[in-house]
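S.K.: This one is my_file-v8.txt, compact mmCIF, C-alpha atoms.
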# COMPACT_ATOMS: atom_id res chain seq x y z
CA MET A 31 -7.69 -28.22 -29.93
CA HIS A 32 -6.99 -28.39 -33.64
CA ARG A 33 -7.49 -32.17 -33.76
CA ARG A 34 -10.82 -32.06 -31.93
CA ILE A 35 -12.33 -29.14 -33.86
CA ARG A 36 -13.93 -31.29 -36.56
CA ASN A 37 -17.48 -32.53 -35.90
CA SER A 38 -17.20 -31.57 -32.24
CA CYS A 39 -19.87 -29.83 -30.19
CA ASP A 40 -17.77 -29.36 -27.07
CA ILE A 41 -18.63 -26.44 -24.82
CA LEU A 42 -15.97 -24.31 -23.13
CA LEU A 43 -16.59 -21.66 -20.47
CA LEU A 44 -14.01 -18.96 -19.74
CA SER A 45 -14.57 -16.77 -16.70
CA GLY A 46 -12.52 -14.15 -14.92
CA PRO A 47 -12.18 -10.41 -14.21
CA VAL A 48 -12.51 -7.79 -16.92
CA GLY A 49 -9.35 -7.29 -18.95
CA CYS A 50 -7.52 -10.48 -17.94
CA GLY A 51 -7.10 -11.72 -21.54
CA LYS A 52 -9.95 -14.21 -22.02
CA THR A 53 -11.01 -13.09 -25.50
CA ALA A 54 -7.45 -12.40 -26.63
CA THR A 55 -6.41 -15.92 -25.64
CA ILE A 56 -9.13 -17.53 -27.74
CA ARG A 57 -8.38 -15.34 -30.76
CA ILE A 58 -4.64 -16.01 -30.63
CA ILE A 59 -5.14 -19.79 -30.39
CA ALA A 60 -7.72 -19.77 -33.18
CA ASN A 61 -5.46 -17.70 -35.42
CA LYS A 62 -2.53 -20.05 -34.78
CA HIS A 63 -4.54 -23.12 -35.82
CA ASN A 64 -6.40 -21.41 -38.71
CA ILE A 65 -9.83 -21.65 -37.05
CA LYS A 66 -12.57 -19.25 -38.10
CA ILE A 67 -14.41 -17.52 -35.25
CA THR A 68 -18.05 -16.47 -35.58
CA GLU A 69 -19.11 -14.23 -32.71
CA TRP A 70 -22.64 -13.56 -31.50
CA ILE A 71 -23.57 -9.92 -30.84
CA THR A 72 -26.94 -9.29 -29.23
CA PRO A 73 -29.03 -7.20 -31.66
CA VAL A 74 -30.80 -4.04 -30.58
CA ASP A 75 -34.58 -4.46 -30.46
CA ILE A 76 -36.08 -1.80 -32.73
CA GLU A 77 -39.77 -1.80 -33.49
CA LEU A 78 -40.33 -1.15 -37.19
CA THR A 79 -43.75 -0.42 -38.62
CA THR A 80 -45.13 -2.09 -41.73
CA ASP A 81 -46.60 -0.29 -44.72
CA TYR A 82 -49.96 -0.37 -42.97
CA GLY A 83 -48.68 1.33 -39.84
CA GLU A 84 -48.71 -1.79 -37.71
CA TYR A 85 -45.76 -3.13 -35.77
CA GLU A 86 -44.09 -6.20 -37.14
CA PHE A 87 -43.95 -9.36 -35.08
CA LYS A 88 -40.58 -9.71 -33.38
CA GLU A 89 -39.05 -13.07 -32.61
CA LYS A 90 -37.87 -13.89 -29.11
CA GLN A 91 -34.23 -13.24 -28.37
CA SER A 92 -33.72 -16.85 -27.36
CA LYS A 93 -34.94 -18.12 -30.76
CA ILE A 94 -32.77 -15.65 -32.66
CA PHE A 95 -29.80 -16.73 -30.53
CA LEU A 96 -30.43 -20.44 -31.16
CA ASP A 97 -30.78 -19.95 -34.93
CA PHE A 98 -27.54 -17.98 -35.07
CA ILE A 99 -25.34 -20.40 -33.17
CA MET A 100 -26.79 -23.41 -35.00
CA ASN A 101 -26.25 -21.86 -38.43
CA SER A 102 -22.76 -20.69 -37.48
CA ALA A 103 -21.82 -24.13 -36.19
CA ASN A 104 -23.23 -26.21 -39.08
CA PHE A 105 -22.92 -24.11 -42.24
CA THR A 106 -19.98 -22.53 -44.06
CA SER A 107 -20.08 -19.61 -46.48
CA LEU A 108 -19.65 -20.44 -50.18
CA LEU A 109 -16.86 -17.86 -50.29
CA ASP A 110 -14.96 -19.48 -47.43
CA SER A 111 -13.22 -22.82 -47.82
CA ASN A 112 -12.20 -23.05 -44.16
CA SER A 113 -14.31 -25.74 -42.48
CA ASN A 114 -12.71 -25.32 -39.05
CA LYS A 115 -15.21 -23.17 -37.18
CA LEU A 116 -15.67 -21.92 -33.66
CA VAL A 117 -18.70 -20.10 -32.21
CA LEU A 118 -17.91 -17.39 -29.66
CA VAL A 119 -20.49 -15.92 -27.26
CA GLU A 120 -19.50 -13.06 -24.97
CA ASP A 121 -22.60 -10.87 -25.15
CA PHE A 122 -25.50 -12.80 -23.58
CA PRO A 123 -29.15 -11.90 -24.26
CA ASN A 124 -30.85 -10.47 -21.18
CA THR A 125 -33.62 -13.05 -21.35
CA PHE A 126 -31.24 -15.74 -20.07
CA LEU A 127 -30.74 -13.85 -16.80
CA ARG A 128 -34.50 -13.71 -16.27
CA THR A 129 -35.23 -17.29 -17.36
CA PRO A 130 -32.13 -19.52 -17.13
CA SER A 131 -34.25 -22.53 -18.17
CA GLU A 132 -34.35 -21.18 -21.75
CA PHE A 133 -30.58 -21.26 -21.87
CA SER A 134 -30.57 -24.87 -20.69
CA ASP A 135 -32.94 -25.82 -23.53
CA ILE A 136 -30.67 -24.09 -26.05
CA LEU A 137 -27.63 -26.00 -24.80
CA LEU A 138 -29.58 -29.23 -25.16
CA GLN A 139 -30.43 -28.39 -28.78
CA TYR A 140 -26.82 -27.43 -29.49
CA LYS A 141 -25.48 -30.68 -28.09
CA LYS A 142 -27.83 -32.69 -30.29
CA ARG A 143 -27.50 -30.83 -33.61
CA ALA A 144 -24.29 -28.75 -33.69
CA LYS A 145 -21.06 -29.81 -35.40
CA SER A 146 -18.66 -27.15 -34.07
CA PRO A 147 -17.46 -26.25 -30.58
CA ILE A 148 -18.75 -23.17 -28.79
CA VAL A 149 -16.94 -20.93 -26.32
CA PHE A 150 -18.75 -18.81 -23.72
CA ILE A 151 -16.86 -15.93 -22.09
CA CYS A 152 -18.20 -14.47 -18.83
CA SER A 153 -16.68 -11.50 -17.03
CA GLU A 154 -17.04 -11.40 -13.28
CA SER A 155 -19.31 -8.79 -11.71
CA ASN A 156 -19.42 -7.33 -8.20
CA MET A 157 -23.17 -7.95 -8.11
CA ASP A 158 -24.24 -11.58 -7.82
CA SER A 159 -27.47 -10.83 -9.70
CA LYS A 160 -25.44 -9.89 -12.81
CA ASN A 161 -22.78 -12.57 -12.54
CA ILE A 162 -23.54 -14.76 -15.55
CA ALA A 163 -21.03 -17.44 -14.63
CA LEU A 164 -22.87 -18.03 -11.33
CA ASN A 165 -26.49 -17.57 -12.41
CA ILE A 166 -26.53 -19.31 -15.80
CA PHE A 167 -23.65 -21.78 -15.66
CA THR A 168 -24.61 -23.51 -12.44
CA GLN A 169 -22.79 -26.61 -11.28
CA SER A 170 -25.65 -28.86 -12.42
CA ILE A 171 -25.61 -27.28 -15.91
CA LYS A 172 -21.84 -27.79 -16.24
CA GLU A 173 -22.15 -31.42 -15.21
CA GLN A 174 -25.17 -32.14 -17.42
CA PHE A 175 -23.58 -30.81 -20.62
CA HIS A 176 -19.95 -31.67 -19.74
CA ILE A 177 -18.87 -28.02 -19.94
CA HIS A 178 -15.12 -27.43 -19.57
CA HIS A 179 -14.56 -24.43 -17.27
CA ILE A 180 -11.33 -22.39 -17.19
CA ALA A 181 -11.17 -19.56 -14.63
CA PHE A 182 -8.74 -16.70 -15.33
CA ASN A 183 -7.09 -14.62 -12.62
CA SER A 184 -6.49 -10.90 -12.86
CA ILE A 185 -3.13 -9.88 -14.31
CA SER A 186 -0.42 -9.65 -11.67
CA THR A 187 1.51 -6.45 -11.08
CA THR A 188 4.65 -8.06 -12.47
CA GLY A 189 2.82 -9.15 -15.62
CA LEU A 190 1.32 -5.69 -16.11
CA ARG A 191 4.70 -4.05 -15.69
CA ALA A 192 6.30 -6.42 -18.22
CA ALA A 193 3.51 -5.84 -20.76
CA LEU A 194 3.75 -2.06 -20.40
CA LYS A 195 7.54 -2.20 -20.75
CA ARG A 196 7.12 -4.08 -24.02
CA ALA A 197 4.54 -1.55 -25.20
CA SER A 198 6.89 1.28 -24.21
CA ASP A 199 9.68 -0.23 -26.30
CA ILE A 200 7.36 -0.43 -29.33
CA ILE A 201 6.30 3.19 -28.82
CA SER A 202 9.88 4.43 -28.57
CA LYS A 203 10.99 2.54 -31.71
CA LYS A 204 8.07 3.03 -34.11
CA TYR A 205 5.73 5.79 -32.90
CA SER A 206 7.96 8.47 -31.41
CA ALA A 207 6.32 11.09 -33.67
CA THR A 208 2.91 10.55 -32.02
CA TYR A 209 3.78 9.56 -28.46
CA ASN A 210 6.11 10.80 -25.79
CA ILE A 211 8.52 8.19 -24.48
CA PRO A 212 6.88 6.75 -21.32
CA THR A 213 8.83 7.42 -18.16
CA THR A 214 9.15 4.98 -15.26
CA ASP A 215 6.81 7.11 -13.15
CA ILE A 216 4.11 6.99 -15.83
CA VAL A 217 4.40 3.21 -16.18
CA GLU A 218 4.16 2.77 -12.41
CA SER A 219 1.16 5.09 -12.28
CA VAL A 220 -0.62 3.08 -14.96
CA VAL A 221 0.14 -0.17 -13.13
CA ASN A 222 -1.25 1.20 -9.85
CA THR A 223 -4.36 2.54 -11.53
CA SER A 224 -5.35 -0.41 -13.72
CA ALA A 225 -6.08 -2.93 -10.92
CA GLY A 226 -5.03 -6.00 -12.91
CA ASP A 227 -6.87 -4.97 -16.11
CA ILE A 228 -4.45 -5.25 -19.03
CA ARG A 229 -6.90 -3.63 -21.45
CA SER A 230 -7.32 -0.64 -19.17
CA ALA A 231 -3.53 -0.46 -18.68
CA ILE A 232 -2.81 -0.26 -22.42
CA LEU A 233 -5.49 2.41 -22.92
CA ASN A 234 -4.13 4.40 -19.98
CA LEU A 235 -0.61 4.23 -21.40
CA HIS A 236 -1.93 5.37 -24.77
CA PHE A 237 -3.60 8.49 -23.36
CA ALA A 238 -0.81 9.24 -20.90
CA CYS A 239 1.85 9.29 -23.63
CA LEU A 240 0.02 11.21 -26.36
CA GLN A 241 1.93 14.33 -27.30
CA GLY A 242 0.33 17.59 -26.22
CA ILE A 243 -1.56 16.04 -23.26
CA THR A 244 -0.59 16.56 -19.63
CA HIS A 245 -1.95 14.72 -16.59
CA ASN A 246 -1.70 15.41 -12.90
CA LEU A 247 -0.49 12.56 -10.70
CA GLU A 248 -1.68 12.11 -7.15
CA THR A 249 1.38 11.30 -5.04
CA SER A 250 0.91 9.58 -1.70
CA ILE A 251 4.03 9.18 0.45
CA ILE A 252 3.84 6.46 3.08
CA GLN A 253 4.74 7.80 6.50
CA GLU A 254 7.91 6.66 8.26
CA ASN A 255 7.37 3.82 10.72
CA LYS A 256 9.81 3.41 13.61
CA VAL A 257 10.40 -0.25 14.44
CA LYS A 258 12.82 -1.05 17.28
CA GLY A 259 14.80 2.14 16.87
CA LYS A 260 15.05 1.83 13.11
CA THR A 261 13.21 3.96 10.58
CA LYS A 262 11.73 2.42 7.49
CA LYS A 263 10.80 4.59 4.57
CA LYS A 264 9.01 3.26 1.54
CA LYS A 265 9.16 4.73 -1.91
CA PRO A 266 6.30 7.05 -2.86
CA THR A 267 3.56 5.53 -4.98
CA TYR A 268 1.87 7.33 -7.85
CA LYS A 269 -1.65 7.02 -9.13
CA PHE A 270 -3.58 8.74 -11.91
CA MET A 271 -6.59 10.80 -10.94
CA SER A 272 -7.98 11.42 -14.45
CA LEU A 273 -7.15 8.08 -16.05
CA GLY A 274 -7.61 4.42 -15.36
CA LYS A 275 -10.53 2.22 -14.55
CA ASP A 276 -13.71 3.64 -13.10
CA GLN A 277 -12.65 5.19 -9.81
CA ALA A 278 -15.91 4.12 -8.20
CA VAL A 279 -14.92 1.55 -5.61
CA SER A 280 -17.01 -1.38 -4.48
CA ILE A 281 -19.43 -1.06 -1.60
CA LEU A 282 -17.16 -3.10 0.66
CA HIS A 283 -14.24 -0.71 0.13
CA GLY A 284 -16.56 2.28 0.54
CA VAL A 285 -17.90 1.01 3.86
CA GLY A 286 -14.33 0.48 5.05
CA ARG A 287 -13.33 4.01 4.08
CA VAL A 288 -16.26 5.49 6.00
CA LEU A 289 -16.10 3.37 9.15
CA ASN A 290 -12.29 3.19 9.32
CA PRO A 291 -11.16 6.58 8.01
CA LYS A 292 -7.43 7.08 7.70
CA ILE A 293 -6.10 10.38 9.00
CA LEU A 294 -3.02 11.97 7.42
CA HIS A 295 -0.85 14.49 9.25
CA GLU A 296 0.36 17.24 6.94
CA THR A 297 2.11 20.41 8.13
CA GLY A 298 0.64 20.10 11.60
CA LYS A 299 -2.93 19.58 10.36
CA GLN A 300 -5.07 16.47 10.27
CA LYS A 301 -6.70 15.47 6.99
CA LEU A 302 -8.82 12.50 5.92
CA SER A 303 -7.17 10.35 3.26
CA HIS A 304 -10.56 9.99 1.52
CA SER A 305 -12.79 13.04 1.83
CA PRO A 306 -16.58 12.63 2.28
CA GLU A 307 -17.11 14.49 -1.02
CA GLU A 308 -15.05 11.87 -2.88
CA ILE A 309 -17.01 8.96 -1.39
CA VAL A 310 -20.35 10.68 -2.02
CA TRP A 311 -19.44 11.19 -5.68
CA GLN A 312 -18.52 7.52 -6.02
CA PHE A 313 -21.83 6.22 -4.60
CA SER A 314 -24.21 8.94 -5.79
CA GLY A 315 -25.86 6.44 -8.14
CA SER A 316 -27.08 4.16 -5.32
CA PRO A 317 -27.31 6.23 -2.11
CA SER A 318 -29.98 4.09 -0.43
CA THR A 319 -28.01 0.86 -0.88
CA PHE A 320 -24.82 2.38 0.49
CA ILE A 321 -26.56 3.90 3.51
CA ASN A 322 -28.22 0.55 4.24
CA PHE A 323 -24.76 -1.03 4.40
CA LEU A 324 -23.53 1.73 6.70
CA GLU A 325 -26.50 1.34 9.04
CA GLU A 326 -25.91 -2.41 9.26
CA ASN A 327 -22.18 -2.17 10.02
CA TYR A 328 -21.46 1.04 11.94
CA LEU A 329 -22.20 -0.06 15.52
CA PRO A 330 -19.22 -2.46 16.06
CA HIS A 331 -16.84 0.36 15.10
CA PHE A 332 -18.04 2.70 17.89
CA SER A 333 -16.88 2.51 21.51
CA SER A 334 -18.76 5.49 22.96
CA THR A 335 -22.55 5.61 23.42
CA ASN A 336 -22.46 9.39 22.99
CA ASP A 337 -20.86 8.98 19.56
CA VAL A 338 -23.42 6.30 18.68
CA GLU A 339 -26.26 8.66 19.62
CA LYS A 340 -24.91 11.37 17.31
CA ALA A 341 -24.30 8.90 14.47
CA ALA A 342 -27.78 7.37 14.78
CA SER A 343 -29.35 10.82 14.72
CA LEU A 344 -27.43 11.74 11.55
CA LEU A 345 -28.36 8.45 9.88
CA SER A 346 -32.00 9.15 10.72
CA ASP A 347 -31.68 12.60 9.10
CA ALA A 348 -30.10 10.98 6.03
CA ASP A 349 -32.97 8.49 5.72
CA HIS A 350 -35.45 11.36 5.93
CA MET A 351 -33.65 13.22 3.13
CA LEU A 352 -33.52 10.14 0.93
CA SER A 353 -37.28 9.64 1.33
CA GLU A 354 -37.81 12.95 -0.50
CA TRP A 355 -37.31 11.40 -3.94
CA ARG A 356 -38.84 14.35 -5.81
CA GLU A 357 -35.76 16.51 -5.19
CA LYS A 358 -32.59 14.95 -6.60
CA TYR A 359 -30.35 17.14 -4.43
CA CYS A 360 -31.88 15.60 -1.30
CA GLN A 361 -30.42 12.24 -2.34
CA GLU A 362 -26.92 13.69 -2.52
CA TYR A 363 -27.30 15.71 0.68
CA GLY A 364 -28.66 12.67 2.54
CA LEU A 365 -25.71 10.56 1.44
CA TYR A 366 -23.28 13.31 2.47
CA VAL A 367 -24.88 13.62 5.93
CA ALA A 368 -24.55 9.87 6.50
CA VAL A 369 -20.97 9.58 5.21
CA ALA A 370 -19.55 12.72 6.82
CA GLY A 371 -21.47 12.07 10.03
CA LEU A 372 -20.05 8.58 10.55
CA MET A 373 -16.52 9.66 9.61
CA LEU A 374 -16.46 12.63 12.02
CA THR A 375 -18.58 11.56 15.01
CA ASN A 376 -16.56 8.44 15.88
CA LYS A 377 -13.94 10.04 18.13
CA SER A 378 -12.59 6.75 19.53
CA PRO A 379 -13.04 3.99 16.93
CA VAL A 380 -12.63 0.33 17.84
CA SER A 381 -9.31 -0.96 16.50
CA ALA A 382 -10.42 -4.46 15.51
CA TRP A 383 -11.29 -6.30 12.33
CA ASN A 384 -15.03 -6.38 11.70
CA PRO A 385 -16.50 -8.23 8.72
CA VAL A 386 -18.88 -6.28 6.48
CA ARG A 387 -22.44 -7.61 6.68
CA GLY A 388 -25.13 -7.06 4.11
CA PRO A 389 -28.31 -5.21 5.15
CA LYS A 390 -31.12 -7.41 6.42
CA LYS A 391 -34.46 -7.33 4.68
CA ILE A 392 -37.23 -6.66 7.17
CA ASN A 393 -40.52 -8.05 5.91
CA VAL A 394 -43.22 -5.98 7.56
CA GLU A 395 -46.22 -8.07 8.64
CA TYR A 396 -49.65 -6.50 8.63
CA PRO A 397 -52.66 -8.03 10.42
CA LEU A 398 -54.89 -10.30 8.38
CA LEU A 399 -58.54 -9.46 7.79
CA GLN A 400 -59.66 -12.10 10.29
CA GLN A 401 -57.26 -10.67 12.87
CA LEU A 402 -58.44 -7.08 12.62
CA PRO A 403 -61.56 -7.58 14.81
CA LEU A 404 -59.31 -8.76 17.64
CA LEU A 405 -57.59 -5.37 17.77
CA ASP A 406 -59.04 -2.38 19.57
CA LYS A 407 -61.42 -0.64 17.19
CA ASN A 408 -60.81 2.78 18.78
CA PHE A 409 -57.04 2.57 18.28
CA ILE A 410 -56.45 1.43 14.73
CA TYR A 411 -53.08 3.19 14.68
CA LYS A 412 -52.02 1.10 17.68
CA GLY A 413 -52.83 -2.00 15.67
CA LYS A 414 -50.56 -0.85 12.87
CA VAL A 415 -47.74 -0.15 15.30
CA LEU A 416 -48.10 -3.57 16.90
CA ALA A 417 -48.24 -5.37 13.57
CA THR A 418 -45.34 -3.52 11.93
CA ASP A 419 -42.90 -2.83 14.77
CA TYR A 420 -43.61 -5.28 17.57
CA VAL A 421 -44.00 -8.53 15.61
CA THR A 422 -41.28 -7.72 13.09
CA TYR A 423 -38.61 -6.94 15.65
CA CYS A 424 -39.60 -9.83 17.92
CA LYS A 425 -38.72 -12.14 15.04
CA ILE A 426 -35.40 -10.37 14.54
CA ILE A 427 -34.34 -10.97 18.15
CA ASN A 428 -35.55 -14.58 17.96
CA ASN A 429 -38.44 -14.23 20.38
CA LYS A 430 -41.51 -16.36 20.05
CA THR A 431 -44.11 -15.01 17.68
CA ALA A 432 -46.88 -13.42 19.65
CA THR A 433 -50.52 -14.10 18.89
CA CYS A 434 -53.22 -11.52 18.48
CA GLU A 435 -54.58 -12.32 21.97
CA GLU A 436 -51.13 -11.48 23.40
CA PHE A 437 -51.20 -8.22 21.44
CA GLN A 438 -54.29 -7.08 23.29
CA ASN A 439 -52.82 -7.92 26.70
CA ASP A 440 -49.52 -6.15 25.97
CA GLU A 441 -50.97 -3.29 23.91
CA ASP A 442 -50.85 -0.56 26.54
CA GLU A 443 -47.39 -1.61 27.74
CA VAL A 444 -45.87 -1.60 24.24
CA ILE A 445 -47.34 1.70 23.12
CA GLU A 446 -46.58 3.53 26.35
For the structure just supplied, provide its representation as structure tokens.
M.R.:
Amino acid sequence: MHRRIRNSCDILLLSGPVGCGKTATIRIIANKHNIKITEWITPVDIELTTDYGEYEFKEKQSKIFLDFIMNSANFTSLLDSNSNKLVLVEDFPNTFLRTPSEFSDILLQYKKRAKSPIVFICSESNMDSKNIALNIFTQSIKEQFHIHHIAFNSISTTGLRAALKRASDIISKKYSATYNIPTTDIVESVVNTSAGDIRSAILNLHFACLQGITHNLETSIIQENKVKGKTKKKKPTYKFMSLGKDQAVSILHGVGRVLNPKILHETGKQKLSHSPEEIVWQFSGSPSTFINFLEENYLPHFSSTNDVEKAASLLSDADHMLSEWREKYCQEYGLYVAVAGLMLTNKSPVSAWNPVRGPKKINVEYPLLQQLPLLDKNFIYKGKVLATDYVTYCKIINNKTATCEEFQNDEDEVIE
């Protein structure tokens, strides 16, 4: 890397989960080889008025971005004699997500005029629409500009445990006046909570060991399993409730917790491992999306038509509550009705693996202006029902698309 840094406009892409060490890796290598890093930070757009009360003209984000990376790559400060430079971009302007073609033009300009390499760092996202590595750095872009791509994995449990042990040794030797000495249970709790995020793990260890602070640990003991006359008992696992990464789980995990609820037996009573209140709190920000996933996936998990009838009725009630957008409590109540209803009505769930499917988008088709005269003038509402329900669902079940003449022949039969 050190040999190729001079007069090089190579492009490197680092991708991976949050907290897996992408930025730290670049900074350590640059520091070892005495390479100066100039990082782009997207500025906040603030409209400032002139002396005459008019708003000043603001340049496009893409132009500001291009000017910055070109100046950082080609020019050196008079106060800095280090000519080995590296441009780092981790905070992408939003305009590139809306118009990826602008980013392609900027890369073309950089390849032609820049004299220093540039490194792009992209963190993976659960939503494809916000995954920069997929939307901006497409395969054609990487091939066109010869972009080197290195994909990082999340930190393994063994690696997290080793890093926290090293941090614990430093705390015990140098900072015993500020921190309590981390116990084995605390280290294991941080490991279980951080989900492969080393940054989150270090922050959790910091807050867990501060003197004067106490935290409650949620202890889950795995039940004994009898296998061929022998009893296996696993060690209890610990997990922080008030620390760690955002406890909001992904939609896939949430759907699994609702449609395959785990029941714990404690002191002769049955208890859900994840309560409906907990799941509702986790998905309160996007209730409609979560309910759409539940409606798409709940049927394969039911074996009784009576249970399906109750679940469908509750989902219908939830949709009705969510349609009342003027009352914010209706959103939460609707989500609770859907989640608790599916978890409690399925008395005999199907014990089989079912993949989670995304909700289908139903494009409602309305009759065209030239088709309206073909419908019965005295029953305009019937025309709407035929156009919205009949045609739409015929396409879903792969039937042939009916014509307006067929609508008139089948009108009474469909409505009745």
S.K.: With all atoms listed in the file as the basis for distance, which of A:Ile67, A:Ala370, A:Leu138, A:Val149 is at the shortest distance from Leu44 of chain A?
M.R.: A:Val149
S.K.: With distances taken over all atoms listed in the file, which residue among A:Pro130, A:Gly51, A:Pro385, A:Gly371 lies nearest Ala342 of chain A?
M.R.: A:Gly371
S.K.: Using all atoms listed in the file, list the residues that have an atom at most 12 Å from (-18.9, -27.6, -34.5), coordinates as in the file, as an MDAnalysis selection string.
M.R.: chainID A and resid 32 34:41 65:68 99:106 113:118 140:149
S.K.: Go ahead and compute the interatomic distance for atom CA of Gln91 of chain A and atom CA of Ser153 of chain A, in Å to one decimal.
M.R.: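 Distance between the two atoms: 21.0 Å.
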S.K.: Compare A:Ala197, A:Leu43, A:Ile162, A:Leu372 by their minimum atom-to-atom distance to Glu339 of chain A, counting only C-alpha atoms, and give me the closest one.
M.R.: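 So, comparing all the options, the nearest one is A:Leu372.
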S.K.: Which residue, A:Thr72, A:Thr214, A:Thr375, A:Thr187, has the smallest gap to Asn336 of chain A when you use all atoms listed in the file?
M.R.: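 Smallest distance to Asn336 of chain A is found for A:Thr375.
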S.K.: To one decimal place in Å, what is the distance between atom CA of Tyr328 of chain A and atom CA of Leu374 of chain A?
M.R.: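 Those two atoms sit 12.6 Å apart.
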S.K.: Can you list, as a VMD selection string, every protein, DNA or RNA residue that comes within 9 Å of Ser230 of chain A when you count all atoms listed in the file, leaving out same-chain residues fewer than 4 positions away?
M.R.: chain A and resid 49 220 223 to 226 234 to 235 274 to 275
S.K.: Take atom CA of Leu324 of chain A and atom CA of Gln300 of chain A and report the distance between them in Å, one decimal.
M.R.: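 Computing the Euclidean distance for atom CA of Leu324 of chain A and atom CA of Gln300 of chain A yields 23.9 Å.
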S.K.: Please determine, counting only C-alpha atoms, which residue among A:Ser184, A:Asn376, A:Ser170, A:Asn384 has the shortest atom-to-atom distance to Arg229 of chain A.
M.R.: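 For Arg229 of chain A, the nearest of the candidates is A:Ser184.
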S.K.: Please provide the set of residues having any atom within 9 Å of Leu345 of chain A, restricted to only C-alpha atoms, with same-chain residues fewer than 2 positions apart removed, written as number ranges by chain.
M.R.: A: 321, 324-325, 340-343, 347-350, 364, 367-369, 371-372
S.K.: Next, dump the selected residues to file, keeping only C-alpha atoms, as a PDB file, keeping the file's coordinate frame.
M.R.:
ATOM      1  CA  ILE A 321     -26.560   3.900   3.510  1.00  0.00           C
ATOM      2  CA  LEU A 324     -23.530   1.730   6.700  1.00  0.00           C
ATOM      3  CA  GLU A 325     -26.500   1.340   9.040  1.00  0.00           C
ATOM      4  CA  LYS A 340     -24.910  11.370  17.310  1.00  0.00           C
ATOM      5  CA  ALA A 341     -24.300   8.900  14.470  1.00  0.00           C
ATOM      6  CA  ALA A 342     -27.780   7.370  14.780  1.00  0.00           C
ATOM      7  CA  SER A 343     -29.350  10.820  14.720  1.00  0.00           C
ATOM      8  CA  ASP A 347     -31.680  12.600   9.100  1.00  0.00           C
ATOM      9  CA  ALA A 348     -30.100  10.980   6.030  1.00  0.00           C
ATOM     10  CA  ASP A 349     -32.970   8.490   5.720  1.00  0.00           C
ATOM     11  CA  HIS A 350     -35.450  11.360   5.930  1.00  0.00           C
ATOM     12  CA  GLY A 364     -28.660  12.670   2.540  1.00  0.00           C
ATOM     13  CA  VAL A 367     -24.880  13.620   5.930  1.00  0.00           C
ATOM     14  CA  ALA A 368     -24.550   9.870   6.500  1.00  0.00           C
ATOM     15  CA  VAL A 369     -20.970   9.580   5.210  1.00  0.00           C
ATOM     16  CA  GLY A 371     -21.470  12.070  10.030  1.00  0.00           C
ATOM     17  CA  LEU A 372     -20.050   8.580  10.550  1.00  0.00           C
TER      18      LEU A 372
END
